[in-house]
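Asks: I am attaching a structure below and will ask some questions about it afterwards.
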Amino acid sequence: MTDIKTYGMSERADHLDFDIRSQLVRPPLVRPHRHDYFQIQISLQGDTEQNVAGTVRPFRRGYLSFILPYRVHVIPHPEGSRYIIINMAQQFLRPGLDVDPLDLEDVPLSRAPELAPFLFQEYADFYFTEEEFSDIERLLGKLALENANRRFGSVEMIRGLMLQLIALVCRKFEADLLRFSASQAQLGSRRAGLQRAVRYIREHLAGEITLADVAAAAFLSPNYLAHLLKKETGKTFTELVTERRLEFAQELLTHSSQRIASIAHASGFVDEAYFARRFRQRFGQTPRAFRDGVRARISGAA
């Protein structure tokens, strides 16, 4: 699979804390990607779809899209589209929030309510009617003007306007956001990502399995997937893949008559001696001894 690029603020913004721009400033990103900062996109004109972490939702005039750091996404803007992009560092959005970006989904809304639209983008369409959207556009104009003419007090002014923008979203979608939070929908998103990752590993045991490929299949960033696996399973990515390969080999030894060398290869081990060593470490006996024991038990039962 094609590697998914991670962008930093220095690559896509004129300031390292906050930046706002129109579609004319930089060429659009047309492939799935991620970045290490928060992003909001606001559609002014055009009809397309946004794909955030594998969830596809509409994106046209009046829609806002909220993207967490390291969340794989892409919004393919058709020709003639007009939109605004806001990029901001975590410490700009929420000063003092000393949380790893990969752990933001664990932050309760009571501590940082401005995270709500970012946490639940996959579950809601943040859409404003034409009348409501006029307030959004006025705020965007003030943000762009203040950002372009920074002086003493501008950072505080920009943050205040930014929080007003997010507050409008939180207020309009209050019931939905609180419901999502109460049901811990973000945990379901993590579980779904883990399930996709484990399924991909299971289906590709015989071949080369890279963290980048599994993360792409799970619609997660490699860093986040590695972090999530360690947090949820207590294992590193390599440890989990090796464990699944050994468990699959154990199944083949139990239920098939394949040669041990063939089973090693079918389980993703290119070297039979290495396979035998890892199998013994995991199960306390060699593959041959394990198979002989299974056959003896079957014969005794028969």
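Within each chain, counting starts at residue 1; across the structure tokens, chains are named A, B, ... in the order shown, with ligands numbered 1 upward in that order.
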Looking only at strand (DSSP E or B) from DSSP on the backbone, list the matching residues of region 34-145 of chain A as number ranges by chain.

Replies: A: 34-35, 38-45, 47-52, 55-60, 63-67, 73-74, 82-88, 126-127

Asks: With C-alpha atoms retained, export the selected residues as a compact mmCIF listing (two decimals), in the first residue's frame.

Replies:
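Full text of result.txt as output:
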# COMPACT_ATOMS: atom_id res chain seq x y z
CA ARG A 34 -2.78 12.86 8.35
CA HIS A 35 -1.14 15.65 10.31
CA PHE A 38 -5.89 19.91 14.68
CA GLN A 39 -7.70 20.94 11.52
CA ILE A 40 -11.10 22.37 10.65
CA GLN A 41 -12.32 22.62 7.06
CA ILE A 42 -15.33 24.75 6.17
CA SER A 43 -17.06 24.39 2.81
CA LEU A 44 -18.13 27.63 1.13
CA GLN A 45 -18.93 26.20 -2.30
CA ASP A 47 -20.41 19.36 -3.38
CA THR A 48 -18.20 16.46 -2.31
CA GLU A 49 -17.67 13.94 0.47
CA GLN A 50 -15.27 13.83 3.38
CA ASN A 51 -13.57 10.58 4.38
CA VAL A 52 -12.38 10.73 7.99
CA THR A 55 -16.21 7.11 7.57
CA VAL A 56 -17.69 8.92 4.56
CA ARG A 57 -20.01 11.87 5.15
CA PRO A 58 -21.21 14.75 2.91
CA PHE A 59 -19.24 17.96 2.59
CA ARG A 60 -20.82 20.93 0.85
CA TYR A 63 -20.62 21.88 6.41
CA LEU A 64 -17.68 21.88 8.82
CA SER A 65 -15.21 19.04 9.19
CA PHE A 66 -13.21 18.55 12.40
CA ILE A 67 -10.07 16.41 12.21
CA HIS A 73 -8.58 11.61 6.12
CA VAL A 74 -9.12 13.10 2.68
CA ARG A 82 -14.25 27.21 -2.25
CA TYR A 83 -13.34 26.35 1.30
CA ILE A 84 -11.46 27.53 4.37
CA ILE A 85 -8.83 25.51 6.21
CA ILE A 86 -7.89 26.19 9.83
CA ASN A 87 -4.82 24.51 11.29
CA MET A 88 -3.85 24.78 14.93
CA PHE A 126 -21.93 19.44 11.31
CA TYR A 127 -24.18 21.38 8.96

Asks: Quote the spacing between CA of Val169 (chain A) and CA of Ser183 (chain A) in Å to one decimal place.

Replies: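 Separating CA of Val169 (chain A) from CA of Ser183 (chain A) is a distance of 19.6 Å.
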
Asks: I'd like to know which residues of region 78-280 of chain A are helix (DSSP H, G or I) (by DSSP, run on the backbone); could you write them as a CSV table (one decimal) with N, CA and C atoms, in the first residue's frame?

Replies:
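Result saved to selection.csv:
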chain,number,residue,atom,x,y,z
A,90,GLN,N,-2.1,21.8,19.3
A,90,GLN,CA,-2.9,21.4,20.5
A,90,GLN,C,-2.8,22.5,21.6
A,91,GLN,N,-1.6,23.0,21.8
A,91,GLN,CA,-1.4,24.0,22.9
A,91,GLN,C,-2.1,25.3,22.6
A,92,PHE,N,-2.4,25.5,21.3
A,92,PHE,CA,-3.1,26.8,21.0
A,92,PHE,C,-4.6,26.6,21.2
A,93,LEU,N,-5.1,25.4,20.8
A,93,LEU,CA,-6.5,25.1,21.0
A,93,LEU,C,-6.9,25.0,22.5
A,101,PRO,N,-1.3,13.5,22.0
A,101,PRO,CA,-2.3,13.6,20.9
A,101,PRO,C,-3.0,12.3,20.7
A,102,LEU,N,-2.3,11.1,20.9
A,102,LEU,CA,-2.9,9.8,20.6
A,102,LEU,C,-3.9,9.4,21.7
A,103,ASP,N,-3.9,10.2,22.8
A,103,ASP,CA,-4.8,9.9,24.0
A,103,ASP,C,-5.9,10.9,24.1
A,104,LEU,N,-6.1,11.7,23.1
A,104,LEU,CA,-7.2,12.7,23.2
A,104,LEU,C,-8.6,12.1,23.3
A,105,GLU,N,-8.8,10.9,22.7
A,105,GLU,CA,-10.1,10.3,22.8
A,105,GLU,C,-10.5,9.9,24.2
A,106,ASP,N,-9.5,9.9,25.1
A,106,ASP,CA,-9.8,9.5,26.5
A,106,ASP,C,-10.1,10.7,27.4
A,113,PRO,N,-14.4,20.7,26.6
A,113,PRO,CA,-15.5,20.5,25.8
A,113,PRO,C,-15.3,20.9,24.3
A,114,GLU,N,-14.3,21.7,24.1
A,114,GLU,CA,-14.0,22.1,22.7
A,114,GLU,C,-13.5,21.0,21.9
A,115,LEU,N,-13.1,19.9,22.5
A,115,LEU,CA,-12.7,18.7,21.7
A,115,LEU,C,-13.9,17.9,21.1
A,116,ALA,N,-15.1,18.2,21.6
A,116,ALA,CA,-16.3,17.4,21.2
A,116,ALA,C,-16.4,17.2,19.7
A,117,PRO,N,-16.4,18.3,18.8
A,117,PRO,CA,-16.6,18.1,17.4
A,117,PRO,C,-15.5,17.2,16.8
A,118,PHE,N,-14.3,17.4,17.3
A,118,PHE,CA,-13.2,16.6,16.8
A,118,PHE,C,-13.3,15.1,17.1
A,119,LEU,N,-13.8,14.8,18.3
A,119,LEU,CA,-13.9,13.4,18.8
A,119,LEU,C,-15.0,12.7,18.1
A,121,GLN,N,-16.5,13.5,14.9
A,121,GLN,CA,-16.8,13.8,13.5
A,121,GLN,C,-17.3,12.6,12.7
A,122,GLU,N,-16.9,11.4,13.0
A,122,GLU,CA,-17.3,10.2,12.3
A,122,GLU,C,-18.8,9.9,12.5
A,123,TYR,N,-19.4,10.6,13.5
A,123,TYR,CA,-20.8,10.2,13.9
A,123,TYR,C,-21.8,11.3,13.6
A,130,GLU,N,-28.3,28.2,5.7
A,130,GLU,CA,-27.8,29.5,5.2
A,130,GLU,C,-27.8,30.6,6.2
A,131,GLU,N,-28.9,30.7,6.9
A,131,GLU,CA,-29.0,31.8,7.9
A,131,GLU,C,-28.0,31.6,9.0
A,132,GLU,N,-27.9,30.4,9.5
A,132,GLU,CA,-26.9,30.1,10.5
A,132,GLU,C,-25.5,30.3,10.1
A,133,PHE,N,-25.2,29.9,8.8
A,133,PHE,CA,-23.9,29.9,8.3
A,133,PHE,C,-23.3,31.3,8.2
A,134,SER,N,-24.2,32.3,8.1
A,134,SER,CA,-23.7,33.7,8.0
A,134,SER,C,-22.9,34.1,9.3
A,135,ASP,N,-23.3,33.5,10.4
A,135,ASP,CA,-22.5,33.8,11.6
A,135,ASP,C,-21.1,33.1,11.6
A,136,ILE,N,-21.1,31.9,11.0
A,136,ILE,CA,-19.8,31.3,10.8
A,136,ILE,C,-18.9,32.1,9.9
A,137,GLU,N,-19.5,32.6,8.8
A,137,GLU,CA,-18.7,33.3,7.8
A,137,GLU,C,-18.1,34.6,8.4
A,138,ARG,N,-18.9,35.3,9.3
A,138,ARG,CA,-18.5,36.5,9.9
A,138,ARG,C,-17.3,36.2,10.8
A,139,LEU,N,-17.3,35.1,11.6
A,139,LEU,CA,-16.2,34.7,12.4
A,139,LEU,C,-15.0,34.4,11.6
A,140,LEU,N,-15.2,33.7,10.5
A,140,LEU,CA,-14.0,33.3,9.7
A,140,LEU,C,-13.4,34.6,9.1
A,141,GLY,N,-14.2,35.6,8.8
A,141,GLY,CA,-13.6,36.8,8.3
A,141,GLY,C,-12.8,37.5,9.3
A,142,LYS,N,-13.3,37.6,10.6
A,142,LYS,CA,-12.5,38.2,11.7
A,142,LYS,C,-11.2,37.4,12.0
A,143,LEU,N,-11.3,36.1,11.9
A,143,LEU,CA,-10.2,35.3,12.2
A,143,LEU,C,-9.1,35.5,11.1
A,144,ALA,N,-9.5,35.5,9.9
A,144,ALA,CA,-8.5,35.7,8.8
A,144,ALA,C,-7.9,37.1,8.9
A,145,LEU,N,-8.6,38.1,9.2
A,145,LEU,CA,-8.1,39.5,9.3
A,145,LEU,C,-7.1,39.6,10.5
A,146,GLU,N,-7.5,39.1,11.6
A,146,GLU,CA,-6.6,39.1,12.8
A,146,GLU,C,-5.3,38.3,12.6
A,147,ASN,N,-5.4,37.2,11.9
A,147,ASN,CA,-4.3,36.4,11.7
A,147,ASN,C,-3.3,37.0,10.7
A,148,ALA,N,-3.9,37.7,9.7
A,148,ALA,CA,-3.0,38.4,8.7
A,148,ALA,C,-2.4,39.6,9.3
A,154,SER,N,-3.0,39.6,19.6
A,154,SER,CA,-3.7,38.9,18.5
A,154,SER,C,-3.9,37.4,18.8
A,155,VAL,N,-2.9,36.8,19.5
A,155,VAL,CA,-3.1,35.4,19.8
A,155,VAL,C,-4.3,35.2,20.7
A,156,GLU,N,-4.5,36.0,21.7
A,156,GLU,CA,-5.7,35.9,22.5
A,156,GLU,C,-7.0,36.2,21.8
A,157,MET,N,-6.9,37.2,20.9
A,157,MET,CA,-8.1,37.5,20.1
A,157,MET,C,-8.4,36.3,19.2
A,158,ILE,N,-7.4,35.7,18.5
A,158,ILE,CA,-7.7,34.6,17.6
A,158,ILE,C,-8.2,33.4,18.4
A,159,ARG,N,-7.6,33.1,19.5
A,159,ARG,CA,-8.1,32.0,20.3
A,159,ARG,C,-9.6,32.2,20.7
A,160,GLY,N,-9.9,33.4,21.1
A,160,GLY,CA,-11.3,33.7,21.5
A,160,GLY,C,-12.3,33.5,20.3
A,161,LEU,N,-11.9,34.0,19.2
A,161,LEU,CA,-12.8,33.8,18.0
A,161,LEU,C,-12.9,32.4,17.6
A,162,MET,N,-11.8,31.6,17.7
A,162,MET,CA,-11.8,30.2,17.4
A,162,MET,C,-12.7,29.5,18.3
A,163,LEU,N,-12.6,29.8,19.6
A,163,LEU,CA,-13.5,29.1,20.6
A,163,LEU,C,-15.0,29.5,20.3
A,164,GLN,N,-15.3,30.7,19.9
A,164,GLN,CA,-16.6,31.0,19.5
A,164,GLN,C,-17.1,30.2,18.4
A,165,LEU,N,-16.3,29.9,17.4
A,165,LEU,CA,-16.6,29.1,16.3
A,165,LEU,C,-17.0,27.7,16.7
A,166,ILE,N,-16.1,27.1,17.6
A,166,ILE,CA,-16.4,25.8,18.1
A,166,ILE,C,-17.6,25.7,19.0
A,167,ALA,N,-17.8,26.8,19.7
A,167,ALA,CA,-18.9,26.9,20.6
A,167,ALA,C,-20.3,26.9,19.9
A,168,LEU,N,-20.3,27.5,18.7
A,168,LEU,CA,-21.5,27.5,17.9
A,168,LEU,C,-21.8,26.1,17.5
A,169,VAL,N,-20.8,25.4,17.1
A,169,VAL,CA,-21.0,24.0,16.7
A,169,VAL,C,-21.5,23.2,17.9
A,170,CYS,N,-20.8,23.3,19.1
A,170,CYS,CA,-21.2,22.6,20.3
A,170,CYS,C,-22.6,22.9,20.7
A,171,ARG,N,-23.0,24.2,20.6
A,171,ARG,CA,-24.4,24.6,21.0
A,171,ARG,C,-25.4,24.0,20.1
A,172,LYS,N,-25.2,24.1,18.8
A,172,LYS,CA,-26.2,23.6,17.9
A,172,LYS,C,-26.4,22.1,18.0
A,174,GLU,N,-25.5,20.1,20.6
A,174,GLU,CA,-25.3,19.8,22.0
A,174,GLU,C,-25.9,18.4,22.3
A,175,ALA,N,-27.2,18.2,21.9
A,175,ALA,CA,-27.8,16.9,22.2
A,175,ALA,C,-27.0,15.7,21.6
A,176,ASP,N,-26.7,15.8,20.4
A,176,ASP,CA,-25.9,14.7,19.7
A,176,ASP,C,-24.6,14.5,20.4
A,177,LEU,N,-23.8,15.6,20.6
A,177,LEU,CA,-22.5,15.4,21.2
A,177,LEU,C,-22.5,14.8,22.6
A,178,LEU,N,-23.5,15.3,23.4
A,178,LEU,CA,-23.6,14.7,24.7
A,178,LEU,C,-24.1,13.2,24.7
A,179,ARG,N,-24.9,12.9,23.7
A,179,ARG,CA,-25.3,11.5,23.6
A,179,ARG,C,-24.2,10.6,23.2
A,180,PHE,N,-23.4,11.1,22.2
A,180,PHE,CA,-22.2,10.4,21.8
A,180,PHE,C,-21.2,10.2,22.9
A,181,SER,N,-21.0,11.2,23.7
A,181,SER,CA,-20.1,11.2,24.8
A,181,SER,C,-20.6,10.1,25.9
A,182,ALA,N,-21.9,10.2,26.1
A,182,ALA,CA,-22.5,9.3,27.1
A,182,ALA,C,-22.4,7.8,26.7
A,185,ALA,N,-19.0,6.7,22.2
A,185,ALA,CA,-18.9,6.3,20.8
A,185,ALA,C,-17.4,6.2,20.3
A,186,GLN,N,-16.6,7.0,20.9
A,186,GLN,CA,-15.2,7.0,20.5
A,186,GLN,C,-14.5,5.7,20.8
A,187,LEU,N,-15.0,5.0,21.9
A,187,LEU,CA,-14.5,3.7,22.2
A,187,LEU,C,-14.8,2.7,21.1
A,188,GLY,N,-16.1,2.8,20.6
A,188,GLY,CA,-16.5,2.0,19.5
A,188,GLY,C,-15.6,2.2,18.3
A,189,SER,N,-15.2,3.4,18.0
A,189,SER,CA,-14.4,3.7,16.9
A,189,SER,C,-13.0,3.0,17.1
A,190,ARG,N,-12.5,3.1,18.3
A,190,ARG,CA,-11.2,2.4,18.6
A,190,ARG,C,-11.3,0.9,18.4
A,191,ARG,N,-12.4,0.3,18.9
A,191,ARG,CA,-12.6,-1.1,18.8
A,191,ARG,C,-12.7,-1.5,17.3
A,192,ALA,N,-13.5,-0.7,16.6
A,192,ALA,CA,-13.6,-1.0,15.1
A,192,ALA,C,-12.3,-1.0,14.4
A,193,GLY,N,-11.4,0.0,14.8
A,193,GLY,CA,-10.1,0.1,14.2
A,193,GLY,C,-9.3,-1.1,14.6
A,194,LEU,N,-9.3,-1.5,15.8
A,194,LEU,CA,-8.6,-2.7,16.3
A,194,LEU,C,-9.1,-3.9,15.5
A,195,GLN,N,-10.4,-4.1,15.4
A,195,GLN,CA,-10.9,-5.2,14.7
A,195,GLN,C,-10.4,-5.3,13.2
A,196,ARG,N,-10.4,-4.1,12.6
A,196,ARG,CA,-9.9,-4.1,11.2
A,196,ARG,C,-8.5,-4.5,11.1
A,197,ALA,N,-7.7,-4.0,12.1
A,197,ALA,CA,-6.3,-4.3,12.1
A,197,ALA,C,-6.0,-5.8,12.4
A,198,VAL,N,-6.7,-6.4,13.3
A,198,VAL,CA,-6.5,-7.8,13.6
A,198,VAL,C,-7.0,-8.7,12.5
A,199,ARG,N,-8.1,-8.3,11.8
A,199,ARG,CA,-8.6,-9.0,10.7
A,199,ARG,C,-7.6,-9.0,9.5
A,200,TYR,N,-7.0,-7.8,9.3
A,200,TYR,CA,-6.0,-7.7,8.2
A,200,TYR,C,-4.8,-8.6,8.6
A,201,ILE,N,-4.3,-8.6,9.8
A,201,ILE,CA,-3.2,-9.5,10.2
A,201,ILE,C,-3.5,-10.9,9.9
A,202,ARG,N,-4.7,-11.3,10.4
A,202,ARG,CA,-5.2,-12.7,10.2
A,202,ARG,C,-5.2,-13.1,8.7
A,203,GLU,N,-5.6,-12.2,7.9
A,203,GLU,CA,-5.8,-12.6,6.5
A,203,GLU,C,-4.5,-12.5,5.7
A,211,LEU,N,3.6,-2.5,9.7
A,211,LEU,CA,2.7,-1.7,10.5
A,211,LEU,C,2.0,-0.7,9.6
A,212,ALA,N,2.7,-0.1,8.6
A,212,ALA,CA,2.0,0.9,7.7
A,212,ALA,C,0.9,0.3,7.0
A,213,ASP,N,1.0,-1.0,6.5
A,213,ASP,CA,-0.1,-1.6,5.8
A,213,ASP,C,-1.3,-1.9,6.7
A,214,VAL,N,-1.0,-2.4,7.8
A,214,VAL,CA,-2.1,-2.7,8.8
A,214,VAL,C,-2.8,-1.4,9.2
A,215,ALA,N,-2.1,-0.4,9.4
A,215,ALA,CA,-2.7,0.9,9.8
A,215,ALA,C,-3.6,1.5,8.7
A,216,ALA,N,-3.1,1.4,7.5
A,216,ALA,CA,-3.9,1.8,6.4
A,216,ALA,C,-5.2,1.1,6.2
A,217,ALA,N,-5.1,-0.3,6.4
A,217,ALA,CA,-6.3,-1.1,6.4
A,217,ALA,C,-7.3,-0.8,7.5
A,222,PRO,N,0.0,4.8,11.7
A,222,PRO,CA,0.9,3.8,12.3
A,222,PRO,C,1.2,4.1,13.8
A,223,ASN,N,1.5,5.3,14.1
A,223,ASN,CA,1.8,5.7,15.5
A,223,ASN,C,0.6,5.4,16.4
A,224,TYR,N,-0.5,5.8,15.9
A,224,TYR,CA,-1.7,5.6,16.8
A,224,TYR,C,-2.1,4.1,16.9
A,225,LEU,N,-1.9,3.3,15.8
A,225,LEU,CA,-2.2,1.9,15.9
A,225,LEU,C,-1.3,1.2,16.9
A,226,ALA,N,0.0,1.5,16.8
A,226,ALA,CA,1.0,0.9,17.7
A,226,ALA,C,0.7,1.3,19.1
A,227,HIS,N,0.3,2.6,19.3
A,227,HIS,CA,0.0,3.0,20.7
A,227,HIS,C,-1.3,2.3,21.2
A,228,LEU,N,-2.3,2.2,20.3
A,228,LEU,CA,-3.5,1.5,20.6
A,228,LEU,C,-3.4,0.0,20.9
A,229,LEU,N,-2.6,-0.6,20.1
A,229,LEU,CA,-2.3,-2.1,20.4
A,229,LEU,C,-1.6,-2.3,21.7
A,230,LYS,N,-0.7,-1.5,22.0
A,230,LYS,CA,0.0,-1.6,23.3
A,230,LYS,C,-0.9,-1.3,24.5
A,231,LYS,N,-1.8,-0.3,24.3
A,231,LYS,CA,-2.7,0.1,25.3
A,231,LYS,C,-3.7,-1.0,25.6
A,232,GLU,N,-4.3,-1.5,24.5
A,232,GLU,CA,-5.4,-2.4,24.6
A,232,GLU,C,-5.0,-3.9,24.8
A,233,THR,N,-3.8,-4.3,24.3
A,233,THR,CA,-3.4,-5.7,24.4
A,233,THR,C,-2.2,-5.9,25.2
A,237,PHE,N,3.3,-4.2,18.2
A,237,PHE,CA,2.8,-4.7,16.9
A,237,PHE,C,3.5,-6.0,16.5
A,238,THR,N,4.8,-6.0,16.7
A,238,THR,CA,5.6,-7.2,16.3
A,238,THR,C,5.2,-8.4,17.2
A,239,GLU,N,5.1,-8.2,18.4
A,239,GLU,CA,4.7,-9.2,19.4
A,239,GLU,C,3.3,-9.8,19.0
A,240,LEU,N,2.3,-8.9,18.6
A,240,LEU,CA,1.0,-9.4,18.3
A,240,LEU,C,1.0,-10.2,17.0
A,241,VAL,N,1.8,-9.7,16.0
A,241,VAL,CA,1.8,-10.5,14.7
A,241,VAL,C,2.5,-11.9,15.0
A,242,THR,N,3.5,-11.9,15.7
A,242,THR,CA,4.2,-13.2,16.0
A,242,THR,C,3.3,-14.1,16.8
A,243,GLU,N,2.5,-13.6,17.7
A,243,GLU,CA,1.6,-14.4,18.5
A,243,GLU,C,0.5,-15.0,17.6
A,244,ARG,N,0.0,-14.2,16.7
A,244,ARG,CA,-1.1,-14.6,15.8
A,244,ARG,C,-0.5,-15.7,14.8
A,245,ARG,N,0.7,-15.5,14.4
A,245,ARG,CA,1.3,-16.5,13.5
A,245,ARG,C,1.5,-17.8,14.2
A,246,LEU,N,2.0,-17.8,15.4
A,246,LEU,CA,2.2,-19.0,16.2
A,246,LEU,C,0.9,-19.7,16.5
A,247,GLU,N,-0.2,-19.0,16.8
A,247,GLU,CA,-1.5,-19.6,17.0
A,247,GLU,C,-2.1,-20.2,15.8
A,248,PHE,N,-1.8,-19.6,14.6
A,248,PHE,CA,-2.3,-20.1,13.3
A,248,PHE,C,-1.5,-21.4,13.1
A,249,ALA,N,-0.2,-21.4,13.3
A,249,ALA,CA,0.6,-22.6,13.1
A,249,ALA,C,0.1,-23.7,14.0
A,250,GLN,N,-0.3,-23.4,15.2
A,250,GLN,CA,-0.8,-24.4,16.1
A,250,GLN,C,-2.1,-25.0,15.6
A,251,GLU,N,-2.9,-24.2,15.0
A,251,GLU,CA,-4.1,-24.7,14.3
A,251,GLU,C,-3.8,-25.7,13.2
A,252,LEU,N,-2.8,-25.3,12.4
A,252,LEU,CA,-2.5,-26.2,11.2
A,252,LEU,C,-1.8,-27.5,11.7
A,253,LEU,N,-1.0,-27.4,12.8
A,253,LEU,CA,-0.4,-28.6,13.3
A,253,LEU,C,-1.5,-29.6,13.9
A,254,THR,N,-2.5,-29.0,14.4
A,254,THR,CA,-3.6,-29.8,15.0
A,254,THR,C,-4.5,-30.4,13.9
A,255,HIS,N,-4.8,-29.6,12.9
A,255,HIS,CA,-5.9,-30.0,12.0
A,255,HIS,C,-5.5,-30.4,10.6
A,260,ILE,N,5.9,-29.7,8.5
A,260,ILE,CA,6.2,-28.6,9.4
A,260,ILE,C,6.8,-27.5,8.7
A,261,ALA,N,7.7,-27.7,7.7
A,261,ALA,CA,8.3,-26.6,6.9
A,261,ALA,C,7.2,-25.8,6.2
A,262,SER,N,6.2,-26.5,5.7
A,262,SER,CA,5.1,-25.9,4.9
A,262,SER,C,4.3,-25.0,5.9
A,263,ILE,N,4.0,-25.6,7.1
A,263,ILE,CA,3.2,-24.8,8.1
A,263,ILE,C,4.0,-23.6,8.5
A,264,ALA,N,5.3,-23.7,8.7
A,264,ALA,CA,6.1,-22.5,9.0
A,264,ALA,C,5.9,-21.4,8.0
A,265,HIS,N,6.0,-21.8,6.7
A,265,HIS,CA,5.9,-20.8,5.6
A,265,HIS,C,4.5,-20.3,5.5
A,266,ALA,N,3.5,-21.1,5.7
A,266,ALA,CA,2.1,-20.7,5.7
A,266,ALA,C,1.7,-19.7,6.8
A,272,GLU,N,12.5,-22.3,9.0
A,272,GLU,CA,11.9,-23.3,9.9
A,272,GLU,C,12.5,-23.4,11.3
A,273,ALA,N,13.9,-23.2,11.3
A,273,ALA,CA,14.5,-23.3,12.6
A,273,ALA,C,14.1,-22.1,13.5
A,274,TYR,N,13.9,-20.9,13.0
A,274,TYR,CA,13.4,-19.8,13.8
A,274,TYR,C,12.0,-20.0,14.2
A,275,PHE,N,11.2,-20.6,13.3
A,275,PHE,CA,9.8,-20.9,13.7
A,275,PHE,C,9.8,-21.9,14.8
A,276,ALA,N,10.6,-23.0,14.8
A,276,ALA,CA,10.6,-24.0,15.8
A,276,ALA,C,11.0,-23.4,17.2
A,277,ARG,N,12.0,-22.4,17.1
A,277,ARG,CA,12.5,-21.8,18.3
A,277,ARG,C,11.4,-20.9,19.0
A,278,ARG,N,10.7,-20.1,18.1
A,278,ARG,CA,9.7,-19.2,18.6
A,278,ARG,C,8.5,-20.1,19.1
A,279,PHE,N,8.2,-21.1,18.4
A,279,PHE,CA,7.0,-22.0,18.8
A,279,PHE,C,7.3,-22.6,20.2
A,280,ARG,N,8.6,-23.0,20.4
A,280,ARG,CA,8.9,-23.6,21.7
A,280,ARG,C,8.9,-22.6,22.8
